[in-house]
Structures are given as structure tokens and as C-alpha cells.
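In what follows, a single structure is set out as C-alpha cells and then discussed.
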Amino acid sequence: MTPAEIAAQRLRTPWAFGLNRRTLAIRWGIGLLAVVYLIYLHWLFEFGKVFSGLERLWVIVRLMVDWTGFAGWDHAELLQSMLETVAMAYLGSMLALLISFPLGFLGARNIIPARVFRFFARRMFDGMRGLDQLIWALVFVRAVGLGPIAGILAICVADTGVLSKLFAEAIENTDRKQVEGITSTGASFIGALRFGVLPQVLPVMISQTLYQIESNSREATILGLVGAGGIGLRLSERIQINAWDQVAYVIVLILITVALIDNLSRALRLRLIGIPSHR
Amino acid sequence: MLELVQLSRRFGDKLAVAGANLTFARGEMVGIIGRSGAGKSTLLRLINRLIEPSDGRVIADGTDVTALRGRELRAWRARTAMIFQQFNLVNRLDVLTNVLCGRLYHMSTARVLFKVFTPAERAMAVHVLDRLGITDIAMNRADALSGGQQQRVAIARALMQEPAMILADEPIASLDPMNAKIVMDALLDINQREGITVLTNLHTLDTARTYCQRIIGMSAGLIVFDGKPEALTDAVLRSIYGQSGDGQAVDEQLTSTSLPMLARPAVAR
């Protein structure tokens, strides 16, 4: 193609040749201005403080890697607290699963067509989900006292909100044709739910519950900070007395536990749901 | 005997089926043809009560089907098995369980909830799978199968219902010609051996001519033809499929997806 032909084509169908130089220059100009503005905003917030704090941070890091007192630490207490945190996450999630299973069906449009009922079910899920676990933990520590029970209840309530909503949405997204196939055989409503809907949503339910257990084992460490039991309490104690070597140890413990649970949950998910077969 | 009396269904301001009056004798094999949107699917679903009629009645052996409720309605659905264009199997269940679902009407709620099938039901399922030549895939998941295999599983599920009638909604529209023939042959075999009435929507004219003793033509919700395949003249076809722009009659090859050599069993000659 000669340049003349290209020019003629450009004249005929300018939209096929991308943006012209001026538009491009304006867009880049706006982008650059935005970046400069963002940097200026950080300047306002005294970004420099990060650098002056570096020295103290360095001291903490040095203390963290010095594990010479390892033999003297209270390992029994720490490991037990770690297990307590995992147990809280597990029990809280399982309890939430038991409650969410029926609630999910009640919140799904294709199961309960009554709009008023569904509205209240959904707002209830939102309410439970809207408050963070930490807030629920504060509430339950006041109600049932310090300890892991408060943590379990906090996880359960927050997770019921999350799981019920996810279950309801999974149920609403089921393939109507598969359910129609079951209904057409003369199956009852229960039969259509059991054989038409449940097989479709079960993988989502299993997967979501496993994910909640994973994510709760991470987040449950924080619940200890407000007295809801578990490793979090031990962590905050040690930060307060500047025992940075033990803080590092607890963090390593948490990381190992979370990694273990992640792997366990991945293996379980694969085993329960299976690798989807392809045609 | 099945009678449709002034059967109608309205979706919004569109009449999908407009006052259908039809009678079907036991053991007939009937093809329903027409353009997409002519109301063929709606007609079949009205018979099975997957869709409620806006007007008119369905009467089976003197019983008003349109008045049935609850368990009686489910008994009717179990008696009139349905086969779908998209197979409508439960993807994540294996073939055997899908086929066993054909017995759900006969099972107690407790057995349904806990998925308990009796040895007799299982034996029956294997027997039906054997008949359709798909026993070897019984433990495969439904979504791992080809379209032709899935449709045979759907037929097996229908047979498990021990139906008096099979309603097939475009059973071969999603299949290649080879599988289309296998599926149509299976339906014909069920019709001839068990004397089960078969009503089937078809979009390929030559399939309808080949397999059905009676053809019903629908256009814009109306029954515009009801008779033997031989009576389908060009003029009739124009009334069913509409006139093409240049006034030419519908070319049968254009509505065909079959392999000419494979599609004609001995019955038709």
C-alpha cells in the first residue's frame, strides 16, 4: 500500500486509525497531572515521618531475629492459644454453615417468590455482615465474658451473614433448565430442590465454607486482642512488654498454621468438588 | 386419549398458543412443525403443565388435567414424560442418578431427601440404560457427555417414569445428524414397542415426514395444519413457514439438517 492510499483510507474511515495526536497528548497530560496531585497529597500527610521512624523500626527488627531465649518461652501456652484460635475459626464457621444452609434458601428469589419475606431475610444478612467480626466480638465478650466462646459467636454471626448471602445468590444463579427437567418427571418441590438445585449449589457451598474457615483462622488472631480468646491475646501481651523475639515467634506460628490450613482446605476442596470435567 | 380444548396461552399481549383444539389417540407418533416462536414449545409445556394455560382445557381420558393440583398434578407429569432441546439433565450428577430421577414421583420425601434408591429401581435404571446402549457411561457425570449421549440419558429418564406419553421439545435440534438419527430411532422404537404416544416438536421437515404418521403445523400460535405427511403440499408449507420474499415455496433442504442417506429408515419407504 502506498502512503497516498493509506492517507486516502484514513480520510475515509478515520475511526479505524486510533486516536489523533492531540487527543492522545491531552489524555497523557491529564494522567500526569493526576499523578503529581497524588504525590502532593502524600506530602501534606507528612510522608517524611516514615523515614525518621526507620531507626526505631530497625531496632525492633534486630530484637525480633534474636531468638537466644527460645528455650525459656512458654511454648505450651502459645501452642494451646494457637489451637484455640483455629478451633474458634472452625467451630464458628461450621455453626454459621448450619444456620446459613436453610437461610440461603429462604433468601433466594427463585425459592421464595414473596418479596416482603425475602426483603427482611436479605436485610438481616446485611446487618450481620455489615458489622465487622471485631465489633461482634466486643459485644459477645460483654455478653458471655472473656474467652473463646465469645470469639466463636462473633465469627458465627458475621459468617452467617456472609454465607447466607452467598448461598442465596448461588441458588438464584442455578440453571433453571436442570430444575425444570426434574420437575417434569413429577417430582415434588422438595425433590426439585434436592436433585435439581442442591447438586448445582453444593460446590459453591463447600468452597465458600472452606474459604471462610481459612480466612477466619487468619482473622481470628485479631479477636484475641479484644479478649475473645486465642493467640491474639498472647501477641498483644508480648508487644506491650516489648518482647519482640516472642512476637516474631508468634507471627511465625500464625503463618505456619495459616499455610497448613490453606493447604488442607485446598486438598479438601479438590477431593469434595473434584476437578471439573471438560468435554 | 388426550384432548386439547380451546387451549391458549398469553405472554403479555402476545398469544403464544391461540385456541388449540386437538385430539390424540393412544400410540400415535405426532410431529409438530413450525417456525421458531410459532408456539410449539409452549404447546407441549401446556400439556405437561410446566406452563399454566391462560384459557382452555387439557382433558386426558375424561379427566380435566388443567384442574389438577398437588400430588395429582405430579402424577400427571410423571405419566407425560418430557424431553428437552437442551436435555435438562442435572450436570453435576452422574448418569445413573439422573436416570433414577425418573422415579422421584414414586418416592417418599424421606427417600428423596436422603437420596435412597431401592435395588429394584437401580435394576430398572440399568435395564433402561442397556436398552439405549449407554450402560458403559452410567457412572460418568452428565456434563462430561456428548449431546447425543445426554439426549439418550434424558430418554432413559423419561422411560423410568413409565409414561403413557412422551413430549419431546426439539429433541434433535442441538445434535449432529448422526446423533439425531439415533435419538429419533429410539423415540420411534419406544412408540412402536411400548405403544407410548409421542408428541415431538421438530424444526426439520424431512425428519417429521420420515418418522411421524401425523403432522401438525403451527404458525403464530394457531394450528394451521393437521394431517398425514403426504398432505403437506407447497401451499400448506407456505402457510406454516410463511412466504419467502420472492414468492418461492420453502425449499425442504433449507429446513433440513439430516444426512440424506442416514435419515430414512425402512419404515418410511
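In the C-alpha cells, chains take letters A, B, ... by order of appearance, with residues numbered from 1 within each chain and ligands from 1 in the order shown.
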
Ala208 of chain B: which residues within 10 Å, counting only C-alpha atoms, same-chain residues fewer than 3 positions away excluded, as a PyMOL selection string?
chain B and resi 29-33+184+200-205+211-216+229

Please return, as a short mmCIF file (atom, residue, chain, number, x, y, z; two decimals) with N, CA and C atoms, in the first residue's frame, all residues of chain A lying within 12 Å of chain B when only C-alpha atoms are considered.
```cif
data_model
loop_
_atom_site.label_atom_id
_atom_site.label_comp_id
_atom_site.auth_asym_id
_atom_site.auth_seq_id
_atom_site.Cartn_x
_atom_site.Cartn_y
_atom_site.Cartn_z
N THR A 174 -28.76 -20.64 39.82
CA THR A 174 -28.80 -22.01 39.30
C THR A 174 -29.46 -22.04 37.93
N ASP A 175 -29.09 -23.05 37.16
CA ASP A 175 -29.63 -23.22 35.82
C ASP A 175 -31.07 -23.73 35.94
N ARG A 176 -32.01 -22.91 35.44
CA ARG A 176 -33.43 -23.23 35.56
C ARG A 176 -33.79 -24.51 34.78
N LYS A 177 -33.06 -24.75 33.69
CA LYS A 177 -33.39 -25.89 32.83
C LYS A 177 -33.23 -27.22 33.57
N GLN A 178 -32.16 -27.30 34.40
CA GLN A 178 -31.93 -28.55 35.13
C GLN A 178 -33.05 -28.81 36.12
N VAL A 179 -33.52 -27.72 36.75
CA VAL A 179 -34.62 -27.86 37.71
C VAL A 179 -35.90 -28.24 36.97
N GLU A 180 -36.12 -27.61 35.81
CA GLU A 180 -37.30 -27.93 35.00
C GLU A 180 -37.31 -29.41 34.63
N GLY A 181 -36.13 -29.94 34.30
CA GLY A 181 -36.02 -31.35 33.96
C GLY A 181 -36.51 -32.24 35.09
N ILE A 182 -36.13 -31.88 36.33
CA ILE A 182 -36.56 -32.68 37.49
C ILE A 182 -38.07 -32.51 37.71
N THR A 183 -38.54 -31.26 37.65
CA THR A 183 -39.97 -31.01 37.85
C THR A 183 -40.82 -31.78 36.85
N SER A 184 -40.32 -31.88 35.62
CA SER A 184 -41.10 -32.52 34.56
C SER A 184 -41.31 -34.01 34.81
N THR A 185 -40.52 -34.61 35.72
CA THR A 185 -40.69 -36.04 35.99
C THR A 185 -41.81 -36.28 37.00
N GLY A 186 -42.40 -35.20 37.54
CA GLY A 186 -43.43 -35.35 38.56
C GLY A 186 -42.87 -35.27 39.96
N ALA A 187 -41.62 -34.79 40.08
CA ALA A 187 -41.00 -34.67 41.40
C ALA A 187 -41.67 -33.54 42.17
N SER A 188 -41.68 -33.66 43.52
CA SER A 188 -42.25 -32.61 44.36
C SER A 188 -41.28 -31.43 44.43
N PHE A 189 -41.72 -30.35 45.09
CA PHE A 189 -40.88 -29.18 45.29
C PHE A 189 -39.58 -29.57 46.01
N ILE A 190 -39.75 -30.40 47.05
CA ILE A 190 -38.58 -30.89 47.79
C ILE A 190 -37.66 -31.68 46.84
N GLY A 191 -38.25 -32.52 46.00
CA GLY A 191 -37.47 -33.31 45.05
C GLY A 191 -36.70 -32.43 44.09
N ALA A 192 -37.36 -31.36 43.61
CA ALA A 192 -36.70 -30.44 42.68
C ALA A 192 -35.54 -29.72 43.36
N LEU A 193 -35.73 -29.38 44.66
CA LEU A 193 -34.65 -28.73 45.40
C LEU A 193 -33.49 -29.70 45.60
N ARG A 194 -33.85 -30.93 46.00
CA ARG A 194 -32.82 -31.91 46.36
C ARG A 194 -32.00 -32.35 45.15
N PHE A 195 -32.70 -32.62 44.03
CA PHE A 195 -31.99 -33.16 42.87
C PHE A 195 -31.72 -32.12 41.78
N GLY A 196 -32.47 -31.03 41.76
CA GLY A 196 -32.25 -30.02 40.73
C GLY A 196 -31.37 -28.88 41.19
N VAL A 197 -31.64 -28.36 42.40
CA VAL A 197 -30.92 -27.18 42.88
C VAL A 197 -29.66 -27.56 43.65
N LEU A 198 -29.81 -28.47 44.62
CA LEU A 198 -28.69 -28.77 45.52
C LEU A 198 -27.41 -29.20 44.79
N PRO A 199 -27.49 -30.13 43.82
CA PRO A 199 -26.24 -30.53 43.14
C PRO A 199 -25.54 -29.34 42.49
N GLN A 200 -26.33 -28.33 42.09
CA GLN A 200 -25.71 -27.18 41.44
C GLN A 200 -25.03 -26.26 42.44
N VAL A 201 -25.61 -26.12 43.64
CA VAL A 201 -25.06 -25.14 44.60
C VAL A 201 -24.09 -25.77 45.59
N LEU A 202 -24.11 -27.09 45.72
CA LEU A 202 -23.26 -27.74 46.72
C LEU A 202 -21.78 -27.37 46.56
N PRO A 203 -21.22 -27.37 45.35
CA PRO A 203 -19.81 -27.00 45.21
C PRO A 203 -19.53 -25.59 45.71
N ILE A 273 -15.09 -31.51 45.67
CA ILE A 273 -15.74 -30.96 44.47
C ILE A 273 -15.20 -31.61 43.21
N GLY A 274 -13.93 -32.03 43.27
CA GLY A 274 -13.35 -32.69 42.11
C GLY A 274 -12.95 -31.68 41.05
N ILE A 275 -12.11 -32.10 40.17
CA ILE A 275 -11.71 -31.24 39.07
C ILE A 275 -12.84 -31.27 38.06
N PRO A 276 -13.37 -30.11 37.68
CA PRO A 276 -14.47 -30.14 36.73
C PRO A 276 -14.05 -30.83 35.43
N SER A 277 -14.88 -31.74 34.98
CA SER A 277 -14.54 -32.48 33.76
C SER A 277 -14.82 -31.61 32.54
N HIS A 278 -13.99 -31.75 31.56
CA HIS A 278 -14.19 -30.98 30.33
C HIS A 278 -14.57 -31.89 29.20
N ARG A 279 -15.30 -31.33 28.27
CA ARG A 279 -15.70 -32.13 27.12
C ARG A 279 -14.56 -32.29 26.16
#
```

Within 9 Å of segment 71-85 of chain A, counting only C-alpha atoms, which residues show up once you throw out same-chain ones fewer than 5 positions away? Write them as a VMD selection string, please.
chain A and resid 90 148 151 216 to 218 220 to 221 223 to 224 229 to 234 246 250 253 to 254 257

Find the spatial neighbours of Ala96 of chain A, counting only C-alpha atoms, within a cut-off of 10 Å - ignore same-chain residues fewer than 4 positions away - and output them as an MDAnalysis selection string.
chainID A and resid 90:92 100:101 152:153 155:164 209 212

Straight-line distance linking atom CA of Ala87 of chain A with atom CA of Val204 of chain A, stated in Å to one decimal:
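According to the coordinates, atom CA of Ala87 of chain A and atom CA of Val204 of chain A are separated by 23.0 Å.
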
Check the smallest atom-to-atom distance from each of B:Arg193, B:Ala18, B:Gln149, B:Phe225 to Leu175 of chain B using only C-alpha atoms, then report the winner.
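Comparing B:Arg193, B:Ala18, B:Gln149, B:Phe225 against Leu175 of chain B, the winner is B:Gln149.
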
Would you list the contacts of Ile149 of chain A as an mmCIF file with C-alpha atoms, in the first residue's frame, taking every protein, DNA or RNA residue within 9 Å and counting only C-alpha atoms, but skipping same-chain residues closer than 4 positions in sequence?
```
data_model
loop_
_atom_site.group_PDB
_atom_site.id
_atom_site.type_symbol
_atom_site.label_atom_id
_atom_site.label_comp_id
_atom_site.auth_asym_id
_atom_site.auth_seq_id
_atom_site.Cartn_x
_atom_site.Cartn_y
_atom_site.Cartn_z
ATOM 1 C CA MET A 88 -12.676 -20.870 67.128
ATOM 2 C CA PHE A 140 -20.158 -11.011 72.849
ATOM 3 C CA VAL A 141 -17.256 -10.501 75.281
ATOM 4 C CA VAL A 144 -20.736 -14.131 77.658
ATOM 5 C CA GLY A 145 -17.448 -13.000 79.209
ATOM 6 C CA LEU A 153 -20.205 -16.471 68.444
ATOM 7 C CA ALA A 154 -18.649 -13.408 66.785
ATOM 8 C CA ALA A 228 -12.204 -13.199 72.710
ATOM 9 C CA GLY A 229 -9.581 -15.886 73.271
#
```

Sel. of alpha helix (DSSP H) residues, segment 26-268 of chain A, as a ChimeraX atom specification:
/A:26-44,49-64,75-106,115-130,133-144,148-172,176-183,189-191,198-223,231-240,244-268
